[in-house]
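Shown below: final_35.cif, with mmCIF, C-alpha atoms.
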data_model
loop_
_atom_site.label_atom_id
_atom_site.label_comp_id
_atom_site.auth_asym_id
_atom_site.auth_seq_id
_atom_site.Cartn_x
_atom_site.Cartn_y
_atom_site.Cartn_z
CA MET Y 218 -186.77 37.36 184.11
CA SER Y 219 -183.11 37.79 183.26
CA THR Y 220 -180.82 34.88 184.04
CA PRO Y 221 -178.25 35.62 186.74
CA ARG Y 222 -174.68 36.00 185.55
CA PRO Y 223 -172.08 33.57 186.86
CA PRO Y 224 -169.64 34.97 189.42
CA LEU Y 225 -166.47 36.53 188.03
CA ARG Y 226 -164.33 34.05 189.95
CA ARG Y 227 -166.04 31.12 188.23
CA VAL Y 228 -165.56 32.74 184.83
CA LEU Y 229 -161.87 33.31 185.48
CA ARG Y 230 -161.48 29.75 186.72
CA ARG Y 231 -162.94 28.36 183.50
CA LEU Y 232 -161.01 30.72 181.25
CA PRO Y 233 -157.90 28.49 180.84
CA LEU Y 234 -160.07 25.48 180.04
CA ASN Y 235 -162.11 27.44 177.52
CA ALA Y 236 -158.95 28.83 175.93
CA ALA Y 237 -157.44 25.34 175.70
CA ALA Y 238 -160.66 24.00 174.14
CA ALA Y 239 -160.75 26.85 171.61
CA LEU Y 240 -157.08 26.27 170.71
CA THR Y 241 -157.74 22.54 170.24
CA VAL Y 242 -160.67 23.26 167.93
CA VAL Y 243 -158.58 25.68 165.86
CA ILE Y 244 -155.70 23.19 165.55
CA CYS Y 245 -158.06 20.39 164.47
CA LEU Y 246 -160.05 22.48 162.00
CA PHE Y 247 -157.18 24.40 160.41
CA PRO Y 248 -156.05 21.54 158.09
CA VAL Y 249 -159.64 21.17 156.89
CA TYR Y 250 -159.92 24.92 156.32
CA TRP Y 251 -156.61 24.92 154.42
CA MET Y 252 -157.74 22.01 152.26
CA VAL Y 253 -161.02 23.69 151.32
CA THR Y 254 -159.51 27.13 150.63
CA THR Y 255 -156.70 25.58 148.57
CA ALA Y 256 -159.30 23.86 146.43
CA PHE Y 257 -160.68 27.29 145.49
CA LYS Y 258 -157.33 29.02 144.95
CA PRO Y 259 -155.88 29.56 141.47
CA SER Y 260 -152.79 27.50 140.73
CA THR Y 261 -150.56 30.58 140.85
CA ASP Y 262 -151.65 31.31 144.43
CA ILE Y 263 -151.15 27.69 145.51
CA GLN Y 264 -147.53 27.71 144.32
CA SER Y 265 -146.87 31.18 145.70
CA TYR Y 266 -144.08 31.74 148.25
CA ASP Y 267 -146.41 34.11 150.10
CA PRO Y 268 -149.29 31.93 151.36
CA ARG Y 269 -152.48 33.67 152.45
CA LEU Y 270 -155.12 32.47 154.87
CA VAL Y 271 -157.86 33.99 152.72
CA PRO Y 272 -157.56 33.51 148.95
CA ARG Y 273 -157.22 36.69 146.92
CA ALA Y 274 -159.17 35.07 144.07
CA TRP Y 275 -161.57 32.15 143.86
CA THR Y 276 -161.93 29.56 141.11
CA LEU Y 277 -163.85 26.34 140.44
CA ASP Y 278 -161.37 25.03 137.88
CA HIS Y 279 -159.90 22.48 140.28
CA PHE Y 280 -163.33 21.01 140.99
CA HIS Y 281 -163.94 20.68 137.25
CA ASP Y 282 -160.61 18.88 136.91
CA ALA Y 283 -161.43 16.54 139.79
CA VAL Y 284 -164.92 15.65 138.57
CA GLY Y 285 -163.68 15.27 135.02
CA ALA Y 286 -160.82 12.95 135.97
CA ASP Y 287 -160.88 9.38 134.69
CA GLY Y 288 -162.87 7.01 136.84
CA PHE Y 289 -164.48 9.57 139.16
CA ALA Y 290 -168.06 8.29 138.77
CA LEU Y 291 -166.97 4.64 138.74
CA PHE Y 292 -164.81 4.91 141.86
CA TRP Y 293 -167.54 6.88 143.61
CA ARG Y 294 -169.99 4.06 142.89
CA ASN Y 295 -167.50 1.47 144.14
CA SER Y 296 -166.95 3.33 147.41
CA VAL Y 297 -170.67 3.75 148.05
CA LEU Y 298 -171.38 0.10 147.24
CA VAL Y 299 -168.59 -1.31 149.41
CA THR Y 300 -169.23 1.06 152.33
CA LEU Y 301 -172.98 0.56 152.53
CA SER Y 302 -172.70 -3.21 152.10
CA ALA Y 303 -170.10 -3.49 154.88
CA VAL Y 304 -172.11 -1.28 157.26
CA LEU Y 305 -175.40 -3.12 156.69
CA LEU Y 306 -173.74 -6.51 157.07
CA ALA Y 307 -172.00 -5.43 160.29
CA LEU Y 308 -175.27 -4.08 161.74
CA LEU Y 309 -177.12 -7.29 160.92
CA VAL Y 310 -174.55 -9.60 162.49
CA ALA Y 311 -173.72 -7.34 165.43
CA LEU Y 312 -177.37 -6.87 166.35
CA GLY Y 313 -177.83 -10.59 166.90
CA ALA Y 314 -174.52 -10.97 168.75
CA ALA Y 315 -175.17 -7.93 170.96
CA TYR Y 316 -178.65 -9.15 171.86
CA ALA Y 317 -177.34 -12.59 172.76
CA VAL Y 318 -174.67 -11.11 175.03
CA ALA Y 319 -176.93 -8.51 176.67
CA ARG Y 320 -180.07 -10.58 177.19
CA MET Y 321 -179.03 -14.23 177.41
CA ARG Y 322 -176.89 -16.15 179.86
CA TRP Y 323 -174.67 -18.78 178.27
CA ARG Y 324 -171.30 -20.35 178.93
CA GLY Y 325 -168.41 -18.41 177.41
CA ARG Y 326 -170.25 -15.09 177.23
CA ARG Y 327 -167.52 -13.17 179.05
CA GLN Y 328 -164.80 -14.82 176.99
CA PHE Y 329 -166.68 -13.89 173.85
CA MET Y 330 -166.81 -10.22 174.83
CA LEU Y 331 -163.12 -10.32 175.77
CA ALA Y 332 -162.34 -11.66 172.30
CA VAL Y 333 -164.42 -8.85 170.79
CA PHE Y 334 -162.49 -6.24 172.77
CA VAL Y 335 -159.17 -7.78 171.73
CA ALA Y 336 -160.27 -7.76 168.09
CA GLN Y 337 -161.27 -4.11 168.41
CA MET Y 338 -157.87 -3.13 169.81
CA ALA Y 339 -155.82 -5.14 167.31
CA PRO Y 340 -154.15 -3.10 164.55
CA TRP Y 341 -155.71 -4.26 161.31
CA GLU Y 342 -152.66 -3.18 159.32
CA SER Y 343 -150.76 -6.10 160.85
CA LEU Y 344 -153.08 -8.50 159.04
CA ILE Y 345 -152.42 -7.18 155.54
CA ILE Y 346 -149.99 -9.95 154.55
CA PRO Y 347 -152.16 -12.87 155.85
CA ILE Y 348 -155.26 -11.38 154.23
CA TYR Y 349 -153.37 -10.87 150.98
CA ILE Y 350 -152.18 -14.49 150.95
CA ILE Y 351 -155.68 -15.81 151.71
CA SER Y 352 -157.21 -13.57 149.03
CA ARG Y 353 -154.60 -14.64 146.49
CA ASP Y 354 -154.99 -18.36 147.20
CA THR Y 355 -158.79 -18.18 147.03
CA GLY Y 356 -158.90 -16.06 143.88
CA MET Y 357 -160.43 -13.06 145.69
CA LEU Y 358 -157.85 -10.45 144.73
CA ASP Y 359 -159.00 -7.42 142.73
CA ARG Y 360 -162.63 -7.89 143.77
CA LEU Y 361 -164.97 -5.55 145.60
CA PRO Y 362 -166.55 -8.34 147.74
CA THR Y 363 -163.12 -8.85 149.31
CA LEU Y 364 -163.00 -5.23 150.45
CA THR Y 365 -166.58 -5.50 151.70
CA LEU Y 366 -165.70 -8.49 153.90
CA ILE Y 367 -162.58 -6.77 155.24
CA TYR Y 368 -164.44 -3.58 156.13
CA PHE Y 369 -167.15 -5.72 157.70
CA MET Y 370 -164.56 -7.41 159.94
CA ILE Y 371 -162.99 -4.07 160.87
CA THR Y 372 -166.27 -2.42 161.93
CA LEU Y 373 -167.91 -5.48 163.53
CA PRO Y 374 -166.19 -5.43 166.99
CA PHE Y 375 -167.02 -1.77 167.65
CA THR Y 376 -170.59 -2.33 166.48
CA VAL Y 377 -171.05 -5.29 168.85
CA VAL Y 378 -169.65 -3.38 171.84
CA VAL Y 379 -171.82 -0.29 171.33
CA LEU Y 380 -175.03 -2.18 170.57
CA ARG Y 381 -174.47 -4.51 173.50
CA GLY Y 382 -174.26 -1.57 175.89
CA PHE Y 383 -177.29 0.07 174.36
CA ILE Y 384 -179.44 -3.09 174.51
CA ALA Y 385 -178.39 -3.64 178.13
CA GLY Y 386 -179.68 -0.12 178.89
CA ILE Y 387 -183.20 -0.99 177.73
CA PRO Y 388 -185.26 -2.42 180.64
CA PRO Y 389 -186.00 -6.10 179.91
CA GLU Y 390 -189.39 -5.64 181.57
CA LEU Y 391 -190.60 -3.90 178.43
CA GLU Y 392 -190.00 -7.00 176.35
CA GLU Y 393 -191.40 -9.26 179.08
CA ALA Y 394 -194.60 -7.23 179.10
CA ALA Y 395 -194.91 -7.62 175.35
CA GLN Y 396 -194.42 -11.39 175.69
CA VAL Y 397 -197.17 -11.52 178.30
CA ASP Y 398 -199.44 -9.83 175.76
CA GLY Y 399 -198.75 -12.61 173.28
CA CYS Y 400 -195.58 -11.59 171.42
CA THR Y 401 -192.79 -14.04 170.84
CA ARG Y 402 -189.30 -13.17 172.05
CA ALA Y 403 -188.29 -12.08 168.56
CA GLY Y 404 -191.53 -10.16 168.11
CA ALA Y 405 -191.09 -8.37 171.44
CA PHE Y 406 -187.59 -7.31 170.47
CA ARG Y 407 -188.69 -6.14 167.04
CA ARG Y 408 -191.69 -4.16 168.28
CA VAL Y 409 -190.41 -2.83 171.63
CA ALA Y 410 -186.61 -2.81 171.86
CA PHE Y 411 -185.61 -2.28 168.25
CA PRO Y 412 -187.26 1.19 167.90
CA LEU Y 413 -185.36 2.32 171.01
CA LEU Y 414 -182.04 1.32 169.42
CA ALA Y 415 -182.15 4.06 166.79
CA PRO Y 416 -179.40 6.24 168.41
CA GLY Y 417 -177.13 3.24 168.86
CA LEU Y 418 -177.69 2.05 165.31
CA MET Y 419 -176.95 5.53 163.96
CA ALA Y 420 -173.76 5.84 166.03
CA THR Y 421 -172.39 2.51 164.86
CA SER Y 422 -173.51 3.13 161.28
CA LEU Y 423 -171.66 6.44 161.19
CA PHE Y 424 -168.49 4.89 162.62
CA GLY Y 425 -168.64 2.05 160.11
CA PHE Y 426 -169.33 4.44 157.24
CA ILE Y 427 -166.38 6.72 158.06
CA THR Y 428 -164.03 3.76 158.62
CA ALA Y 429 -164.90 2.04 155.35
CA TRP Y 430 -165.19 5.29 153.38
CA ASN Y 431 -161.72 6.52 154.37
CA GLU Y 432 -159.85 3.21 154.26
CA PHE Y 433 -156.92 3.30 151.85
CA THR Y 434 -154.39 0.61 152.75
CA TYR Y 435 -156.43 -2.50 151.95
CA ALA Y 436 -158.07 -0.88 148.93
CA ASN Y 437 -154.66 -0.04 147.50
CA PHE Y 438 -153.02 -3.34 148.48
CA LEU Y 439 -155.69 -5.82 147.36
CA ILE Y 440 -156.97 -4.09 144.21
CA ILE Y 441 -153.84 -4.23 142.03
CA LYS Y 442 -154.78 -5.12 138.48
CA GLN Y 443 -158.47 -4.31 138.11
CA GLN Y 444 -158.56 -0.51 137.91
CA ASP Y 445 -162.37 -0.59 137.69
CA SER Y 446 -162.59 -2.07 141.20
CA ARG Y 447 -160.74 0.73 142.98
CA THR Y 448 -162.33 3.11 145.46
CA LEU Y 449 -162.17 6.85 146.01
CA PRO Y 450 -159.25 6.88 148.51
CA VAL Y 451 -157.09 5.18 145.86
CA TRP Y 452 -158.44 7.54 143.21
CA LEU Y 453 -157.13 10.52 145.23
CA SER Y 454 -153.58 9.33 144.65
CA SER Y 455 -154.06 9.57 140.87
CA PHE Y 456 -153.35 13.32 140.95
CA GLN Y 457 -149.73 12.60 141.85
CA SER Y 458 -147.32 11.72 139.06
CA THR Y 459 -143.62 11.76 138.27
CA PHE Y 460 -143.99 15.36 137.12
CA GLY Y 461 -145.35 16.52 140.48
CA THR Y 462 -148.64 16.81 142.32
CA ASP Y 463 -151.63 18.77 141.13
CA TRP Y 464 -152.39 20.25 144.54
CA GLY Y 465 -155.45 22.18 143.41
CA ALA Y 466 -157.18 19.12 141.95
CA THR Y 467 -156.04 17.00 144.90
CA MET Y 468 -157.56 19.38 147.43
CA ALA Y 469 -160.73 19.70 145.39
CA ALA Y 470 -161.03 15.93 145.16
CA ALA Y 471 -160.36 15.58 148.89
CA THR Y 472 -163.07 18.16 149.61
CA LEU Y 473 -165.58 16.27 147.49
CA PHE Y 474 -164.47 13.03 149.14
CA ALA Y 475 -165.06 14.41 152.65
CA LEU Y 476 -168.50 15.87 151.94
CA PRO Y 477 -170.61 12.68 152.30
CA ALA Y 478 -169.19 11.80 155.73
CA LEU Y 479 -169.54 15.41 156.88
CA VAL Y 480 -173.16 15.68 155.73
CA ILE Y 481 -174.11 12.37 157.36
CA PHE Y 482 -172.38 13.33 160.61
CA LEU Y 483 -174.13 16.70 160.80
CA ALA Y 484 -177.48 15.07 160.08
CA LEU Y 485 -177.03 12.36 162.72
CA GLN Y 486 -174.92 14.25 165.28
CA ARG Y 487 -177.61 14.44 167.94
CA HIS Y 488 -178.48 10.76 167.75
CA VAL Y 489 -174.84 9.72 167.46
CA THR Y 490 -173.90 11.51 170.69
CA ALA Y 491 -176.75 9.86 172.55
CA GLY Y 492 -175.87 6.47 171.10
CA LEU Y 493 -172.20 6.63 172.04
CA ALA Y 494 -173.00 7.87 175.57
CA SER Y 495 -175.58 5.16 176.16
CA GLY Y 496 -173.48 2.40 174.63
CA GLY Y 497 -170.40 3.37 176.60
CA VAL Y 498 -172.02 3.88 180.03
CA LYS Y 499 -174.82 1.36 180.35
CA GLY Y 500 -174.57 -2.38 180.57
#
Same coordinates, now as structure tokens:
Amino acid sequence: MSTPRPPLRRVLRRLPLNAAAALTVVICLFPVYWMVTTAFKPSTDIQSYDPRLVPRAWTLDHFHDAVGADGFALFWRNSVLVTLSAVLLALLVALGAAYAVARMRWRGRRQFMLAVFVAQMAPWESLIIPIYIISRDTGMLDRLPTLTLIYFMITLPFTVVVLRGFIAGIPPELEEAAQVDGCTRAGAFRRVAFPLLAPGLMATSLFGFITAWNEFTYANFLIIKQQDSRTLPVWLSSFQSTFGTDWGATMAAATLFALPALVIFLALQRHVTAGLASGGVKG
């Protein structure tokens, strides 16, 4: 059986919305397209006064320059280490806090969630000077654990909010039934509720990964002397000097820098959408 076609009037009614959506997608994706194509253009085409949407020639020289730059492997390792540590730490702490807010009744619960929302809305750039002074006075400047703690604090409020909504969407009767069968409260959560939290955990993990992976301000402001402790966002600025900017190598490095987040997002997109919808609507 062939599916019936929608009426022409409905199609015409949706045409402006579809056109606006298509235009929005093009505007958002064009800078990414320009970055990737510039990474493959020869230097003569990049500096040309006649820019072209499609390169006339393709080259991998800029990628060789980016990978061969000083500190590429070291900064890549630093970024992976700091990002994964911050995300795992935020998930561990937020999971306990979200469960306590969603399942337990205690004095100050609403005030706690209000404080979490306020922390989520606060601009973290306004805390650079206090964090710098604390790090300096405690001898924590130029150290990767300092960045890990900062990224942990940045991603924690969002993680608590999303996981709280997702846990509240799981019927408590499932855990109560497991407790009747002999499980403890912790065992019921681990065996019944925790497997159902996979979409929420993936959504918050992806947010935390992208936030920590792309962060530049704190990494550039707190890692001053120890070059070996810098991360990839700071490394991207190394292609700019007093003699100008190597745009080909910069775009190639930016393309390599964006690949991990893009691959993880595409792999987890389905679960991330479900996690954000459930965490934002339920509870």
Listed atoms of stretch 291-300 of chain Y, axis-aligned box, 6 Å per side: centre and edge lengths to one decimal in Å, as lines of an AutoDock Vina configuration file?
center_x = -168.1
center_y = 2.8
center_z = 145.5
size_x = 18.6
size_y = 20.2
size_z = 25.6
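If you measure from each of Y:Ile387, Y:Leu414, Y:Ala470, Y:Val335 to Y:Leu312 using all atoms listed in the file, the closest one turns out to be Y:Leu414.
Once the PyMOL selection byres ((chain Y and resi 337) around 10) is applied to the depicted file, the selected set reads Y:Leu331, Y:Ala332, Y:Val333, Y:Phe334, Y:Val335, Y:Ala336, Y:Met338, Y:Ala339, Y:Pro340, Y:Trp341, Y:Met370, Y:Ile371, Y:Thr372, Y:Leu373, Y:Pro374, Y:Phe375, Y:Thr376, Y:Val377, Y:Val378.
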TODO: Apply the PyMOL selection byres ((chain Y and resi 446) around 8) to the file shown and report the selected residues as a PyMOL selection string.
DONE: chain Y and resi 292+295+359-361+440+443-445+447-448
I need the chosen residues saved as a PDB file, in the coordinates of the input, with C-alpha atoms.
ATOM      1  CA  PHE Y 292    -164.810   4.910 141.860  1.00  0.00           C
ATOM      2  CA  ASN Y 295    -167.500   1.470 144.140  1.00  0.00           C
ATOM      3  CA  ASP Y 359    -159.000  -7.420 142.730  1.00  0.00           C
ATOM      4  CA  ARG Y 360    -162.630  -7.890 143.770  1.00  0.00           C
ATOM      5  CA  LEU Y 361    -164.970  -5.550 145.600  1.00  0.00           C
ATOM      6  CA  ILE Y 440    -156.970  -4.090 144.210  1.00  0.00           C
ATOM      7  CA  GLN Y 443    -158.470  -4.310 138.110  1.00  0.00           C
ATOM      8  CA  GLN Y 444    -158.560  -0.510 137.910  1.00  0.00           C
ATOM      9  CA  ASP Y 445    -162.370  -0.590 137.690  1.00  0.00           C
ATOM     10  CA  ARG Y 447    -160.740   0.730 142.980  1.00  0.00           C
ATOM     11  CA  THR Y 448    -162.330   3.110 145.460  1.00  0.00           C
TER      12      THR Y 448
END
TODO: Give me, please, the distance in Å between atom CA of Y:Ala274 and atom CA of Y:Ala475, quoted to one decimal.
DONE: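 The value is 23.1 Å.
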TODO: Starting from the displayed file, determine the output of the PyMOL selection byres ((chain Y and resi 468) around 8) and express the residue list as number ranges by chain.
DONE: Y: 252-253, 255-256, 464-467, 469-472
The selected residues should be written to file as a PDB file, in the frame of the given file (atoms: C-alpha atoms).
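Dumped to result-v3.pdb:
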ATOM      1  CA  MET Y 252    -157.740  22.010 152.260  1.00  0.00           C
ATOM      2  CA  VAL Y 253    -161.020  23.690 151.320  1.00  0.00           C
ATOM      3  CA  THR Y 255    -156.700  25.580 148.570  1.00  0.00           C
ATOM      4  CA  ALA Y 256    -159.300  23.860 146.430  1.00  0.00           C
ATOM      5  CA  TRP Y 464    -152.390  20.250 144.540  1.00  0.00           C
ATOM      6  CA  GLY Y 465    -155.450  22.180 143.410  1.00  0.00           C
ATOM      7  CA  ALA Y 466    -157.180  19.120 141.950  1.00  0.00           C
ATOM      8  CA  THR Y 467    -156.040  17.000 144.900  1.00  0.00           C
ATOM      9  CA  ALA Y 469    -160.730  19.700 145.390  1.00  0.00           C
ATOM     10  CA  ALA Y 470    -161.030  15.930 145.160  1.00  0.00           C
ATOM     11  CA  ALA Y 471    -160.360  15.580 148.890  1.00  0.00           C
ATOM     12  CA  THR Y 472    -163.070  18.160 149.610  1.00  0.00           C
TER      13      THR Y 472
END
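The gap separating atom CA of Y:Val297 from atom CA of Y:Met357 is 19.8 Å, in Å to one decimal.
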Task: Using only C-alpha atoms: which of Y:Tyr368, Y:Ala410, Y:Leu485, Y:Phe474 has the shortest distance to Y:Ser302 - done: Y:Tyr368
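You can rank Y:Leu309, Y:Val379, Y:Ala403, Y:Ala237 by their closest distance to Y:Met330 using all atoms listed in the file, and at the top of that list sits Y:Val379.
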Open item on the list: If we count only C-alpha atoms and set the cut-off at 10 Å, which residues sit around Y:Val310, ignoring sequence neighbours fewer than 3 positions away in its own chain? Please answer as a list in words.
Closed with: Leu305, Leu306, Ala307, Gly313, Ala314, Ala315, Phe369, Leu373, Thr376 and Val377 of chain Y
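For the pair atom CA of Y:Ser343 and atom CA of Y:Gly417, the interatomic distance is 29.1 Å.
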TODO: Considering only C-alpha atoms, state which residue in the set Y:Leu240, Y:Ala385, Y:Leu391, Y:Ile367 is at the smallest distance from Y:Glu432.
DONE: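 Going through Y:Leu240, Y:Ala385, Y:Leu391, Y:Ile367 one by one, the smallest distance to Y:Glu432 is for Y:Ile367.
Minimum distance to Y:Phe383 across Y:Pro416, Y:Pro477, Y:Pro347, Y:Pro268 (counting all atoms listed in the file) occurs at Y:Pro416.
Closest approach to Y:Ile351 from the set Y:Ala478, Y:Leu418, Y:Val299, Y:Leu439 is made by Y:Leu439, with distances taken over all atoms listed in the file.
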